[in-house]
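The structure file data29.pdb is reproduced below (PDB, C-alpha atoms).
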ATOM      1  CA  MET A   1     115.136 -21.298   4.935  1.00  0.00           C
ATOM      2  CA  GLN A   2     116.868 -21.874   1.592  1.00  0.00           C
ATOM      3  CA  GLN A   3     118.131 -18.590   0.153  1.00  0.00           C
ATOM      4  CA  HIS A   4     119.475 -19.620  -3.247  1.00  0.00           C
ATOM      5  CA  PRO A   5     118.922 -22.393  -5.802  1.00  0.00           C
ATOM      6  CA  ILE A   6     121.125 -25.428  -5.136  1.00  0.00           C
ATOM      7  CA  SER A   7     122.598 -27.642  -7.848  1.00  0.00           C
ATOM      8  CA  LEU A   8     122.362 -31.292  -6.806  1.00  0.00           C
ATOM      9  CA  GLU A   9     125.362 -32.232  -8.992  1.00  0.00           C
ATOM     10  CA  LEU A  10     127.474 -29.366  -7.662  1.00  0.00           C
ATOM     11  CA  ALA A  11     126.625 -30.472  -4.104  1.00  0.00           C
ATOM     12  CA  CYS A  12     127.644 -34.031  -4.988  1.00  0.00           C
ATOM     13  CA  SER A  13     130.925 -32.853  -6.466  1.00  0.00           C
ATOM     14  CA  ALA A  14     131.836 -31.304  -3.104  1.00  0.00           C
ATOM     15  CA  LEU A  15     131.103 -34.409  -1.009  1.00  0.00           C
ATOM     16  CA  PRO A  16     134.258 -35.468   0.825  1.00  0.00           C
ATOM     17  CA  GLU A  17     133.665 -39.239   0.867  1.00  0.00           C
ATOM     18  CA  LEU A  18     131.678 -42.118  -0.629  1.00  0.00           C
ATOM     19  CA  TRP A  19     128.523 -43.549   1.010  1.00  0.00           C
ATOM     20  CA  SER A  20     128.184 -40.531   3.287  1.00  0.00           C
ATOM     21  CA  PRO A  21     124.920 -38.721   2.480  1.00  0.00           C
ATOM     22  CA  ARG A  22     124.590 -35.030   3.323  1.00  0.00           C
ATOM     23  CA  VAL A  23     121.401 -33.046   3.785  1.00  0.00           C
ATOM     24  CA  VAL A  24     121.080 -30.193   1.271  1.00  0.00           C
ATOM     25  CA  GLY A  25     117.484 -29.173   1.920  1.00  0.00           C
ATOM     26  CA  GLN A  26     114.164 -29.933   3.546  1.00  0.00           C
ATOM     27  CA  VAL A  27     110.634 -30.006   2.137  1.00  0.00           C
ATOM     28  CA  ASN A  28     107.936 -30.587   4.736  1.00  0.00           C
ATOM     29  CA  ASP A  29     109.040 -33.567   6.881  1.00  0.00           C
ATOM     30  CA  GLN A  30     111.488 -34.853   4.275  1.00  0.00           C
ATOM     31  CA  TYR A  31     115.210 -34.254   3.908  1.00  0.00           C
ATOM     32  CA  ILE A  32     116.728 -33.803   0.463  1.00  0.00           C
ATOM     33  CA  LYS A  33     120.136 -35.504   0.486  1.00  0.00           C
ATOM     34  CA  VAL A  34     122.971 -36.139  -1.944  1.00  0.00           C
ATOM     35  CA  ALA A  35     125.543 -38.938  -1.923  1.00  0.00           C
ATOM     36  CA  ARG A  36     128.440 -40.259  -3.981  1.00  0.00           C
ATOM     37  CA  VAL A  37     128.458 -44.060  -4.084  1.00  0.00           C
ATOM     38  CA  HIS A  38     130.705 -46.735  -5.611  1.00  0.00           C
ATOM     39  CA  GLY A  39     130.787 -50.417  -4.706  1.00  0.00           C
ATOM     40  CA  GLU A  40     128.191 -52.019  -2.445  1.00  0.00           C
ATOM     41  CA  PHE A  41     126.231 -50.864   0.599  1.00  0.00           C
ATOM     42  CA  PRO A  42     124.897 -53.297   3.255  1.00  0.00           C
ATOM     43  CA  TRP A  43     121.370 -54.718   3.218  1.00  0.00           C
ATOM     44  CA  HIS A  44     118.869 -53.064   5.545  1.00  0.00           C
ATOM     45  CA  ALA A  45     115.245 -51.915   5.798  1.00  0.00           C
ATOM     46  CA  HIS A  46     113.420 -48.881   7.191  1.00  0.00           C
ATOM     47  CA  THR A  47     110.396 -50.071   9.118  1.00  0.00           C
ATOM     48  CA  HIS A  48     108.339 -46.903   8.909  1.00  0.00           C
ATOM     49  CA  GLU A  49     109.747 -44.840   6.048  1.00  0.00           C
ATOM     50  CA  ASP A  50     109.804 -44.958   2.253  1.00  0.00           C
ATOM     51  CA  GLU A  51     113.026 -43.855   0.545  1.00  0.00           C
ATOM     52  CA  MET A  52     113.316 -42.181  -2.867  1.00  0.00           C
ATOM     53  CA  PHE A  53     116.479 -42.632  -4.929  1.00  0.00           C
ATOM     54  CA  PHE A  54     117.230 -40.385  -7.940  1.00  0.00           C
ATOM     55  CA  VAL A  55     120.323 -40.889 -10.084  1.00  0.00           C
ATOM     56  CA  LEU A  56     122.180 -37.760 -11.196  1.00  0.00           C
ATOM     57  CA  ARG A  57     125.183 -39.440 -12.801  1.00  0.00           C
ATOM     58  CA  GLY A  58     126.142 -43.093 -13.328  1.00  0.00           C
ATOM     59  CA  ALA A  59     123.855 -46.009 -12.493  1.00  0.00           C
ATOM     60  CA  LEU A  60     122.541 -47.419  -9.223  1.00  0.00           C
ATOM     61  CA  THR A  61     121.321 -50.958  -8.606  1.00  0.00           C
ATOM     62  CA  ILE A  62     118.835 -51.403  -5.781  1.00  0.00           C
ATOM     63  CA  GLY A  63     118.799 -55.021  -4.620  1.00  0.00           C
ATOM     64  CA  ARG A  64     115.547 -56.544  -3.358  1.00  0.00           C
ATOM     65  CA  SER A  65     114.649 -60.148  -2.632  1.00  0.00           C
ATOM     66  CA  ALA A  66     113.040 -62.098  -5.482  1.00  0.00           C
ATOM     67  CA  ALA A  67     109.780 -62.035  -3.492  1.00  0.00           C
ATOM     68  CA  ASP A  68     109.972 -58.214  -3.399  1.00  0.00           C
ATOM     69  CA  GLY A  69     110.559 -57.983  -7.162  1.00  0.00           C
ATOM     70  CA  GLY A  70     114.316 -58.505  -7.407  1.00  0.00           C
ATOM     71  CA  PRO A  71     116.928 -55.885  -8.293  1.00  0.00           C
ATOM     72  CA  VAL A  72     116.230 -52.729 -10.276  1.00  0.00           C
ATOM     73  CA  THR A  73     118.865 -50.563 -11.953  1.00  0.00           C
ATOM     74  CA  LEU A  74     118.372 -46.810 -12.221  1.00  0.00           C
ATOM     75  CA  GLN A  75     120.101 -44.837 -14.957  1.00  0.00           C
ATOM     76  CA  SER A  76     120.823 -41.110 -14.819  1.00  0.00           C
ATOM     77  CA  GLY A  77     117.553 -39.148 -14.612  1.00  0.00           C
ATOM     78  CA  GLN A  78     115.528 -42.062 -13.214  1.00  0.00           C
ATOM     79  CA  PHE A  79     114.000 -42.407  -9.754  1.00  0.00           C
ATOM     80  CA  PHE A  80     112.689 -45.325  -7.699  1.00  0.00           C
ATOM     81  CA  VAL A  81     110.918 -45.428  -4.344  1.00  0.00           C
ATOM     82  CA  VAL A  82     111.709 -48.263  -1.934  1.00  0.00           C
ATOM     83  CA  PRO A  83     108.617 -48.646   0.255  1.00  0.00           C
ATOM     84  CA  ARG A  84     108.879 -48.923   4.026  1.00  0.00           C
ATOM     85  CA  GLY A  85     109.657 -52.397   5.283  1.00  0.00           C
ATOM     86  CA  ILE A  86     111.305 -53.604   2.068  1.00  0.00           C
ATOM     87  CA  ARG A  87     114.790 -55.007   2.644  1.00  0.00           C
ATOM     88  CA  HIS A  88     117.236 -53.571   0.115  1.00  0.00           C
ATOM     89  CA  ASN A  89     120.829 -52.760  -0.627  1.00  0.00           C
ATOM     90  CA  THR A  90     122.473 -50.450  -3.137  1.00  0.00           C
ATOM     91  CA  SER A  91     125.444 -50.928  -5.411  1.00  0.00           C
ATOM     92  CA  ALA A  92     127.198 -49.050  -8.202  1.00  0.00           C
ATOM     93  CA  ALA A  93     129.799 -50.489 -10.575  1.00  0.00           C
ATOM     94  CA  GLU A  94     131.165 -46.995 -11.281  1.00  0.00           C
ATOM     95  CA  GLU A  95     131.152 -43.850  -9.141  1.00  0.00           C
ATOM     96  CA  THR A  96     127.533 -42.736  -9.100  1.00  0.00           C
ATOM     97  CA  TRP A  97     125.916 -39.539  -7.822  1.00  0.00           C
ATOM     98  CA  ILE A  98     122.468 -39.725  -6.316  1.00  0.00           C
ATOM     99  CA  ALA A  99     119.852 -37.601  -4.558  1.00  0.00           C
ATOM    100  CA  LEU A 100     117.554 -39.035  -1.894  1.00  0.00           C
ATOM    101  CA  ILE A 101     114.263 -37.976  -0.321  1.00  0.00           C
ATOM    102  CA  GLU A 102     113.770 -39.410   3.159  1.00  0.00           C
ATOM    103  CA  THR A 103     111.702 -38.596   6.228  1.00  0.00           C
ATOM    104  CA  VAL A 104     113.810 -36.505   8.620  1.00  0.00           C
ATOM    105  CA  SER A 105     113.789 -39.321  11.195  1.00  0.00           C
ATOM    106  CA  THR A 106     115.045 -42.018   8.787  1.00  0.00           C
ATOM    107  CA  GLU A 107     118.122 -43.837  10.088  1.00  0.00           C
ATOM    108  CA  HIS A 108     120.792 -44.527   7.461  1.00  0.00           C
ATOM    109  CA  THR A 109     120.688 -48.317   7.812  1.00  0.00           C
ATOM    110  CA  GLY A 110     117.354 -48.589   9.592  1.00  0.00           C
ATOM    111  CA  GLY A 111     118.646 -49.272  13.096  1.00  0.00           C
ATOM    112  CA  GLU A 112     121.022 -52.006  11.891  1.00  0.00           C
ATOM    113  CA  PRO A 113     124.508 -50.558  12.498  1.00  0.00           C
ATOM    114  CA  THR A 114     127.142 -51.239   9.818  1.00  0.00           C
ATOM    115  CA  PRO A 115     130.685 -49.920   9.361  1.00  0.00           C
ATOM    116  CA  LEU A 116     129.267 -47.500   6.766  1.00  0.00           C
ATOM    117  CA  THR A 117     126.359 -46.206   8.869  1.00  0.00           C
ATOM    118  CA  ARG A 118     126.280 -42.418   9.252  1.00  0.00           C
ATOM    119  CA  SER A 119     124.222 -40.701  11.952  1.00  0.00           C
ATOM    120  CA  ILE A 120     121.654 -38.058  11.051  1.00  0.00           C
ATOM    121  CA  GLU A 121     123.950 -35.545  12.822  1.00  0.00           C
ATOM    122  CA  ASP A 122     126.794 -36.518  10.469  1.00  0.00           C
ATOM    123  CA  GLN A 123     124.463 -36.094   7.494  1.00  0.00           C
ATOM    124  CA  LEU A 124     123.588 -32.580   8.662  1.00  0.00           C
ATOM    125  CA  LEU A 125     127.219 -31.415   8.585  1.00  0.00           C
ATOM    126  CA  PRO A 126     127.940 -28.764   5.943  1.00  0.00           C
ATOM    127  CA  ILE A 127     129.469 -30.184   2.765  1.00  0.00           C
ATOM    128  CA  GLY A 128     133.170 -29.609   2.119  1.00  0.00           C
TER     129      GLY A 128
ATOM    130  CA  MET B   1     104.022 -49.651  -5.311  1.00  0.00           C
ATOM    131  CA  GLN B   2     106.427 -48.521  -8.027  1.00  0.00           C
ATOM    132  CA  GLN B   3     107.588 -51.506 -10.133  1.00  0.00           C
ATOM    133  CA  HIS B   4     110.177 -49.923 -12.444  1.00  0.00           C
ATOM    134  CA  PRO B   5     112.503 -46.922 -12.463  1.00  0.00           C
ATOM    135  CA  ILE B   6     110.843 -43.812 -13.913  1.00  0.00           C
ATOM    136  CA  SER B   7     112.642 -41.155 -15.958  1.00  0.00           C
ATOM    137  CA  LEU B   8     111.450 -37.699 -14.920  1.00  0.00           C
ATOM    138  CA  GLU B   9     112.305 -36.245 -18.349  1.00  0.00           C
ATOM    139  CA  LEU B  10     110.547 -39.067 -20.188  1.00  0.00           C
ATOM    140  CA  ALA B  11     107.468 -38.487 -18.031  1.00  0.00           C
ATOM    141  CA  CYS B  12     107.617 -34.767 -18.850  1.00  0.00           C
ATOM    142  CA  SER B  13     107.915 -35.456 -22.560  1.00  0.00           C
ATOM    143  CA  ALA B  14     104.581 -37.346 -22.428  1.00  0.00           C
ATOM    144  CA  LEU B  15     102.646 -34.596 -20.617  1.00  0.00           C
ATOM    145  CA  PRO B  16      99.715 -33.517 -22.789  1.00  0.00           C
ATOM    146  CA  GLU B  17      99.563 -29.838 -21.757  1.00  0.00           C
ATOM    147  CA  LEU B  18     101.428 -26.990 -20.080  1.00  0.00           C
ATOM    148  CA  TRP B  19     100.929 -26.050 -16.395  1.00  0.00           C
ATOM    149  CA  SER B  20      99.180 -29.339 -15.647  1.00  0.00           C
ATOM    150  CA  PRO B  21     101.268 -31.312 -13.122  1.00  0.00           C
ATOM    151  CA  ARG B  22     100.902 -35.087 -12.991  1.00  0.00           C
ATOM    152  CA  VAL B  23     101.795 -37.375 -10.107  1.00  0.00           C
ATOM    153  CA  VAL B  24     104.492 -39.906 -11.037  1.00  0.00           C
ATOM    154  CA  GLY B  25     105.292 -41.311  -7.600  1.00  0.00           C
ATOM    155  CA  GLN B  26     104.895 -41.040  -3.860  1.00  0.00           C
ATOM    156  CA  VAL B  27     107.477 -41.094  -1.076  1.00  0.00           C
ATOM    157  CA  ASN B  28     105.989 -41.086   2.415  1.00  0.00           C
ATOM    158  CA  ASP B  29     103.345 -38.305   2.516  1.00  0.00           C
ATOM    159  CA  GLN B  30     104.761 -36.502  -0.519  1.00  0.00           C
ATOM    160  CA  TYR B  31     103.813 -36.738  -4.169  1.00  0.00           C
ATOM    161  CA  ILE B  32     106.500 -36.619  -6.836  1.00  0.00           C
ATOM    162  CA  LYS B  33     105.113 -34.646  -9.785  1.00  0.00           C
ATOM    163  CA  VAL B  34     106.282 -33.464 -13.185  1.00  0.00           C
ATOM    164  CA  ALA B  35     105.104 -30.485 -15.221  1.00  0.00           C
ATOM    165  CA  ARG B  36     105.853 -28.686 -18.469  1.00  0.00           C
ATOM    166  CA  VAL B  37     105.629 -24.910 -18.050  1.00  0.00           C
ATOM    167  CA  HIS B  38     105.991 -21.876 -20.327  1.00  0.00           C
ATOM    168  CA  GLY B  39     104.808 -18.345 -19.623  1.00  0.00           C
ATOM    169  CA  GLU B  40     103.535 -17.251 -16.223  1.00  0.00           C
ATOM    170  CA  PHE B  41     101.499 -18.958 -13.496  1.00  0.00           C
ATOM    171  CA  PRO B  42      99.315 -16.993 -11.020  1.00  0.00           C
ATOM    172  CA  TRP B  43     100.494 -15.879  -7.568  1.00  0.00           C
ATOM    173  CA  HIS B  44      99.364 -18.037  -4.641  1.00  0.00           C
ATOM    174  CA  ALA B  45     100.521 -19.508  -1.332  1.00  0.00           C
ATOM    175  CA  HIS B  46     100.156 -22.840   0.451  1.00  0.00           C
ATOM    176  CA  THR B  47      99.349 -22.164   4.106  1.00  0.00           C
ATOM    177  CA  HIS B  48     100.571 -25.454   5.542  1.00  0.00           C
ATOM    178  CA  GLU B  49     102.886 -27.009   2.964  1.00  0.00           C
ATOM    179  CA  ASP B  50     106.377 -26.420   1.609  1.00  0.00           C
ATOM    180  CA  GLU B  51     106.897 -27.003  -2.111  1.00  0.00           C
ATOM    181  CA  MET B  52     110.105 -28.215  -3.780  1.00  0.00           C
ATOM    182  CA  PHE B  53     110.848 -27.238  -7.387  1.00  0.00           C
ATOM    183  CA  PHE B  54     113.562 -29.017  -9.410  1.00  0.00           C
ATOM    184  CA  VAL B  55     114.384 -27.991 -12.979  1.00  0.00           C
ATOM    185  CA  LEU B  56     115.015 -30.796 -15.477  1.00  0.00           C
ATOM    186  CA  ARG B  57     115.281 -28.673 -18.619  1.00  0.00           C
ATOM    187  CA  GLY B  58     115.104 -24.914 -19.243  1.00  0.00           C
ATOM    188  CA  ALA B  59     114.917 -22.321 -16.454  1.00  0.00           C
ATOM    189  CA  LEU B  60     112.226 -21.452 -13.912  1.00  0.00           C
ATOM    190  CA  THR B  61     111.802 -18.148 -12.125  1.00  0.00           C
ATOM    191  CA  ILE B  62     110.037 -18.253  -8.776  1.00  0.00           C
ATOM    192  CA  GLY B  63     108.655 -14.840  -7.894  1.00  0.00           C
ATOM    193  CA  ARG B  64     108.541 -13.753  -4.240  1.00  0.00           C
ATOM    194  CA  SER B  65     107.879 -10.355  -2.709  1.00  0.00           C
ATOM    195  CA  ALA B  66     110.927  -8.225  -1.960  1.00  0.00           C
ATOM    196  CA  ALA B  67     110.277  -8.811   1.753  1.00  0.00           C
ATOM    197  CA  ASP B  68     110.460 -12.570   1.138  1.00  0.00           C
ATOM    198  CA  GLY B  69     113.745 -12.282  -0.752  1.00  0.00           C
ATOM    199  CA  GLY B  70     112.590 -11.425  -4.266  1.00  0.00           C
ATOM    200  CA  PRO B  71     112.674 -13.675  -7.320  1.00  0.00           C
ATOM    201  CA  VAL B  72     115.049 -16.613  -7.766  1.00  0.00           C
ATOM    202  CA  THR B  73     115.816 -18.318 -11.062  1.00  0.00           C
ATOM    203  CA  LEU B  74     116.576 -22.033 -11.173  1.00  0.00           C
ATOM    204  CA  GLN B  75     118.648 -23.500 -13.979  1.00  0.00           C
ATOM    205  CA  SER B  76     118.592 -27.141 -15.065  1.00  0.00           C
ATOM    206  CA  GLY B  77     119.745 -29.383 -12.193  1.00  0.00           C
ATOM    207  CA  GLN B  78     118.931 -26.853  -9.474  1.00  0.00           C
ATOM    208  CA  PHE B  79     116.246 -27.066  -6.794  1.00  0.00           C
ATOM    209  CA  PHE B  80     114.564 -24.553  -4.500  1.00  0.00           C
ATOM    210  CA  VAL B  81     112.073 -25.015  -1.663  1.00  0.00           C
ATOM    211  CA  VAL B  82     109.297 -22.437  -1.215  1.00  0.00           C
ATOM    212  CA  PRO B  83     108.345 -22.605   2.477  1.00  0.00           C
ATOM    213  CA  ARG B  84     104.722 -22.797   3.585  1.00  0.00           C
ATOM    214  CA  GLY B  85     102.981 -19.445   3.733  1.00  0.00           C
ATOM    215  CA  ILE B  86     105.269 -17.704   1.233  1.00  0.00           C
ATOM    216  CA  ARG B  87     103.370 -16.095  -1.618  1.00  0.00           C
ATOM    217  CA  HIS B  88     104.956 -16.995  -4.950  1.00  0.00           C
ATOM    218  CA  ASN B  89     104.410 -17.394  -8.666  1.00  0.00           C
ATOM    219  CA  THR B  90     106.350 -19.216 -11.352  1.00  0.00           C
ATOM    220  CA  SER B  91     107.351 -18.214 -14.864  1.00  0.00           C
ATOM    221  CA  ALA B  92     109.466 -19.567 -17.682  1.00  0.00           C
ATOM    222  CA  ALA B  93     110.613 -17.632 -20.756  1.00  0.00           C
ATOM    223  CA  GLU B  94     111.062 -20.879 -22.710  1.00  0.00           C
ATOM    224  CA  GLU B  95     109.365 -24.258 -22.329  1.00  0.00           C
ATOM    225  CA  THR B  96     110.723 -25.668 -19.091  1.00  0.00           C
ATOM    226  CA  TRP B  97     110.377 -29.122 -17.571  1.00  0.00           C
ATOM    227  CA  ILE B  98     110.219 -29.427 -13.793  1.00  0.00           C
ATOM    228  CA  ALA B  99     109.720 -31.966 -11.023  1.00  0.00           C
ATOM    229  CA  LEU B 100     107.952 -31.084  -7.769  1.00  0.00           C
ATOM    230  CA  ILE B 101     107.775 -32.611  -4.308  1.00  0.00           C
ATOM    231  CA  GLU B 102     104.589 -31.654  -2.461  1.00  0.00           C
ATOM    232  CA  THR B 103     102.543 -33.020   0.439  1.00  0.00           C
ATOM    233  CA  VAL B 104      99.744 -35.214  -0.947  1.00  0.00           C
ATOM    234  CA  SER B 105      97.131 -32.750   0.314  1.00  0.00           C
ATOM    235  CA  THR B 106      98.685 -29.691  -1.355  1.00  0.00           C
ATOM    236  CA  GLU B 107      96.214 -27.784  -3.534  1.00  0.00           C
ATOM    237  CA  HIS B 108      97.624 -26.532  -6.845  1.00  0.00           C
ATOM    238  CA  THR B 109      97.012 -22.855  -6.158  1.00  0.00           C
ATOM    239  CA  GLY B 110      96.528 -23.095  -2.406  1.00  0.00           C
ATOM    240  CA  GLY B 111      92.758 -22.721  -2.288  1.00  0.00           C
ATOM    241  CA  GLU B 112      92.803 -19.651  -4.574  1.00  0.00           C
ATOM    242  CA  PRO B 113      91.080 -20.872  -7.772  1.00  0.00           C
ATOM    243  CA  THR B 114      92.566 -19.655 -11.079  1.00  0.00           C
ATOM    244  CA  PRO B 115      91.829 -20.595 -14.704  1.00  0.00           C
ATOM    245  CA  LEU B 116      94.953 -22.788 -14.593  1.00  0.00           C
ATOM    246  CA  THR B 117      94.162 -24.567 -11.311  1.00  0.00           C
ATOM    247  CA  ARG B 118      94.169 -28.384 -11.583  1.00  0.00           C
ATOM    248  CA  SER B 119      92.530 -30.571  -8.936  1.00  0.00           C
ATOM    249  CA  ILE B 120      94.525 -33.303  -7.203  1.00  0.00           C
ATOM    250  CA  GLU B 121      92.268 -35.803  -9.015  1.00  0.00           C
ATOM    251  CA  ASP B 122      93.343 -34.310 -12.367  1.00  0.00           C
ATOM    252  CA  GLN B 123      96.977 -34.549 -11.273  1.00  0.00           C
ATOM    253  CA  LEU B 124      96.501 -38.252 -10.498  1.00  0.00           C
ATOM    254  CA  LEU B 125      95.366 -39.085 -14.057  1.00  0.00           C
ATOM    255  CA  PRO B 126      97.781 -41.310 -15.976  1.00  0.00           C
ATOM    256  CA  ILE B 127     100.060 -39.390 -18.331  1.00  0.00           C
ATOM    257  CA  GLY B 128      99.377 -39.555 -22.042  1.00  0.00           C
TER     258      GLY B 128
END
Target encoding structure tokens, full file:
Amino acid sequence: MQQHPISLELACSALPELWSPRVVGQVNDQYIKVARVHGEFPWHAHTHEDEMFFVLRGALTIGRSAADGGPVTLQSGQFFVVPRGIRHNTSAAEETWIALIETVSTEHTGGEPTPLTRSIEDQLLPIG
Amino acid sequence: MQQHPISLELACSALPELWSPRVVGQVNDQYIKVARVHGEFPWHAHTHEDEMFFVLRGALTIGRSAADGGPVTLQSGQFFVVPRGIRHNTSAAEETWIALIETVSTEHTGGEPTPLTRSIEDQLLPIG
């Protein structure tokens, strides 16, 4: 159980590497995660799970196919939910800090291994 | 399905009244809500659902019994999860803007009607 309020930005500031989300909390069957991102992350989809992205600092572009609506760019303070089954990637032209809400079972790249894929166990490691 | 990024603060700024959460998105079985609060909200508990509070602007105090850890105060950018079954209230000395993550079935005051209780149908009304 969470004992104290947690600052999402402070948690981000302590993340040791880019593209490596860490779990900072849980609400019902969802993990609350933070990540620092910069550059581009591989395309993938999550068959059974929606994914919420919330930008704390910087700007995040979520790529989708033209048929799925095309790319959207989130500025600081904005959120966007990628529904289950929608193929997407993420990119950030500058270092960007984000929070994510994902079902606890969600695999990082949806069962499509990439060099950047992190296991759920890795994401549960303490920050710092 | 969400078509465009949504600013949580912009959504808050359009809320017509205090203590009346509105749904602005859904991720898996959880609603994403925003609320403007000021003053004190009645004590209640949710038997089966955790509730995540995130402060966008201002400061929110979540009251808990001493046995449950006592009150915690969240500043802007901080979150706190109240686990299912924990009796709590909320208060804000100044107007405070918050986001919440709650299971879609979560009742506002956990089945304990109060003058401030809003139905899920009310919370699903468009803002503004």
Quiz item: What do you get, as a PyMOL selection string, if you spell out every residue that the PyMOL selection byres ((chain A and resi 122) around 12) selects here?
Solution: chain A and resi 19-23+107-108+116-121+123-127
Quiz item: For chain B, which residues have at least one atom within 8 Å of chain A, if we go by all atoms listed in the file? Write them as a count of residues only, please.
Solution: 30
Fit target chain B, mobile chain A, all Cα in order, as a compact mmCIF listing (two decimals) with C-alpha atoms, in the coordinates of the input:
# COMPACT_ATOMS: atom_id res chain seq x y z
CA MET A 1 103.99 -49.67 -5.35
CA GLN A 2 106.43 -48.54 -8.06
CA GLN A 3 107.59 -51.49 -10.14
CA HIS A 4 110.17 -49.94 -12.45
CA PRO A 5 112.51 -46.93 -12.48
CA ILE A 6 110.84 -43.82 -13.92
CA SER A 7 112.63 -41.17 -15.96
CA LEU A 8 111.44 -37.71 -14.92
CA GLU A 9 112.31 -36.25 -18.35
CA LEU A 10 110.56 -39.07 -20.21
CA ALA A 11 107.46 -38.49 -18.04
CA CYS A 12 107.61 -34.78 -18.85
CA SER A 13 107.90 -35.47 -22.56
CA ALA A 14 104.58 -37.35 -22.42
CA LEU A 15 102.64 -34.60 -20.63
CA PRO A 16 99.71 -33.51 -22.78
CA GLU A 17 99.56 -29.84 -21.75
CA LEU A 18 101.42 -26.98 -20.07
CA TRP A 19 100.91 -26.04 -16.39
CA SER A 20 99.18 -29.33 -15.65
CA PRO A 21 101.26 -31.30 -13.13
CA ARG A 22 100.91 -35.08 -12.99
CA VAL A 23 101.80 -37.38 -10.11
CA VAL A 24 104.49 -39.91 -11.05
CA GLY A 25 105.27 -41.31 -7.61
CA GLN A 26 104.90 -41.04 -3.86
CA VAL A 27 107.47 -41.10 -1.06
CA ASN A 28 105.98 -41.08 2.42
CA ASP A 29 103.33 -38.31 2.52
CA GLN A 30 104.76 -36.50 -0.51
CA TYR A 31 103.81 -36.73 -4.17
CA ILE A 32 106.50 -36.61 -6.84
CA LYS A 33 105.11 -34.64 -9.78
CA VAL A 34 106.29 -33.47 -13.18
CA ALA A 35 105.10 -30.49 -15.22
CA ARG A 36 105.86 -28.68 -18.46
CA VAL A 37 105.62 -24.90 -18.04
CA HIS A 38 106.00 -21.88 -20.33
CA GLY A 39 104.81 -18.34 -19.63
CA GLU A 40 103.51 -17.26 -16.23
CA PHE A 41 101.49 -18.95 -13.49
CA PRO A 42 99.30 -16.99 -11.02
CA TRP A 43 100.48 -15.88 -7.58
CA HIS A 44 99.36 -18.02 -4.65
CA ALA A 45 100.53 -19.50 -1.34
CA HIS A 46 100.16 -22.83 0.46
CA THR A 47 99.35 -22.15 4.09
CA HIS A 48 100.56 -25.44 5.53
CA GLU A 49 102.89 -27.00 2.97
CA ASP A 50 106.38 -26.40 1.61
CA GLU A 51 106.90 -27.01 -2.12
CA MET A 52 110.11 -28.21 -3.79
CA PHE A 53 110.85 -27.24 -7.39
CA PHE A 54 113.56 -29.02 -9.42
CA VAL A 55 114.40 -27.99 -12.97
CA LEU A 56 115.03 -30.79 -15.48
CA ARG A 57 115.29 -28.67 -18.62
CA GLY A 58 115.12 -24.91 -19.24
CA ALA A 59 114.92 -22.33 -16.46
CA LEU A 60 112.24 -21.45 -13.92
CA THR A 61 111.80 -18.13 -12.13
CA ILE A 62 110.04 -18.26 -8.78
CA GLY A 63 108.66 -14.83 -7.89
CA ARG A 64 108.53 -13.76 -4.24
CA SER A 65 107.87 -10.37 -2.71
CA ALA A 66 110.93 -8.22 -1.96
CA ALA A 67 110.27 -8.81 1.75
CA ASP A 68 110.44 -12.58 1.13
CA GLY A 69 113.74 -12.29 -0.76
CA GLY A 70 112.57 -11.42 -4.27
CA PRO A 71 112.67 -13.68 -7.33
CA VAL A 72 115.04 -16.61 -7.77
CA THR A 73 115.83 -18.32 -11.07
CA LEU A 74 116.58 -22.04 -11.17
CA GLN A 75 118.67 -23.50 -13.98
CA SER A 76 118.60 -27.14 -15.06
CA GLY A 77 119.75 -29.39 -12.20
CA GLN A 78 118.93 -26.85 -9.47
CA PHE A 79 116.24 -27.07 -6.80
CA PHE A 80 114.55 -24.56 -4.50
CA VAL A 81 112.07 -25.02 -1.67
CA VAL A 82 109.30 -22.45 -1.21
CA PRO A 83 108.35 -22.61 2.47
CA ARG A 84 104.73 -22.78 3.58
CA GLY A 85 102.98 -19.44 3.73
CA ILE A 86 105.27 -17.71 1.23
CA ARG A 87 103.36 -16.09 -1.64
CA HIS A 88 104.95 -16.99 -4.97
CA ASN A 89 104.42 -17.39 -8.67
CA THR A 90 106.35 -19.22 -11.36
CA SER A 91 107.35 -18.21 -14.85
CA ALA A 92 109.47 -19.57 -17.69
CA ALA A 93 110.62 -17.63 -20.75
CA GLU A 94 111.08 -20.88 -22.70
CA GLU A 95 109.36 -24.25 -22.33
CA THR A 96 110.73 -25.67 -19.10
CA TRP A 97 110.40 -29.13 -17.55
CA ILE A 98 110.22 -29.43 -13.80
CA ALA A 99 109.72 -31.97 -11.02
CA LEU A 100 107.95 -31.08 -7.77
CA ILE A 101 107.76 -32.60 -4.30
CA GLU A 102 104.59 -31.66 -2.45
CA THR A 103 102.55 -33.03 0.44
CA VAL A 104 99.75 -35.21 -0.94
CA SER A 105 97.12 -32.75 0.33
CA THR A 106 98.68 -29.67 -1.35
CA GLU A 107 96.20 -27.77 -3.52
CA HIS A 108 97.62 -26.54 -6.83
CA THR A 109 97.01 -22.84 -6.14
CA GLY A 110 96.53 -23.08 -2.39
CA GLY A 111 92.75 -22.73 -2.28
CA GLU A 112 92.78 -19.67 -4.57
CA PRO A 113 91.09 -20.88 -7.78
CA THR A 114 92.57 -19.65 -11.07
CA PRO A 115 91.83 -20.59 -14.69
CA LEU A 116 94.96 -22.78 -14.58
CA THR A 117 94.16 -24.57 -11.30
CA ARG A 118 94.16 -28.37 -11.57
CA SER A 119 92.54 -30.58 -8.93
CA ILE A 120 94.53 -33.30 -7.19
CA GLU A 121 92.27 -35.81 -9.01
CA ASP A 122 93.35 -34.31 -12.36
CA GLN A 123 96.99 -34.56 -11.28
CA LEU A 124 96.52 -38.26 -10.50
CA LEU A 125 95.38 -39.09 -14.04
CA PRO A 126 97.80 -41.32 -15.96
CA ILE A 127 100.08 -39.39 -18.32
CA GLY A 128 99.40 -39.56 -22.05
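Each of B:Tyr31, B:Ile86, B:Ser65, B:Pro42 was checked against Ser105 (chain B) using all atoms listed in the file; the smallest atom-to-atom distance is that of B:Tyr31.
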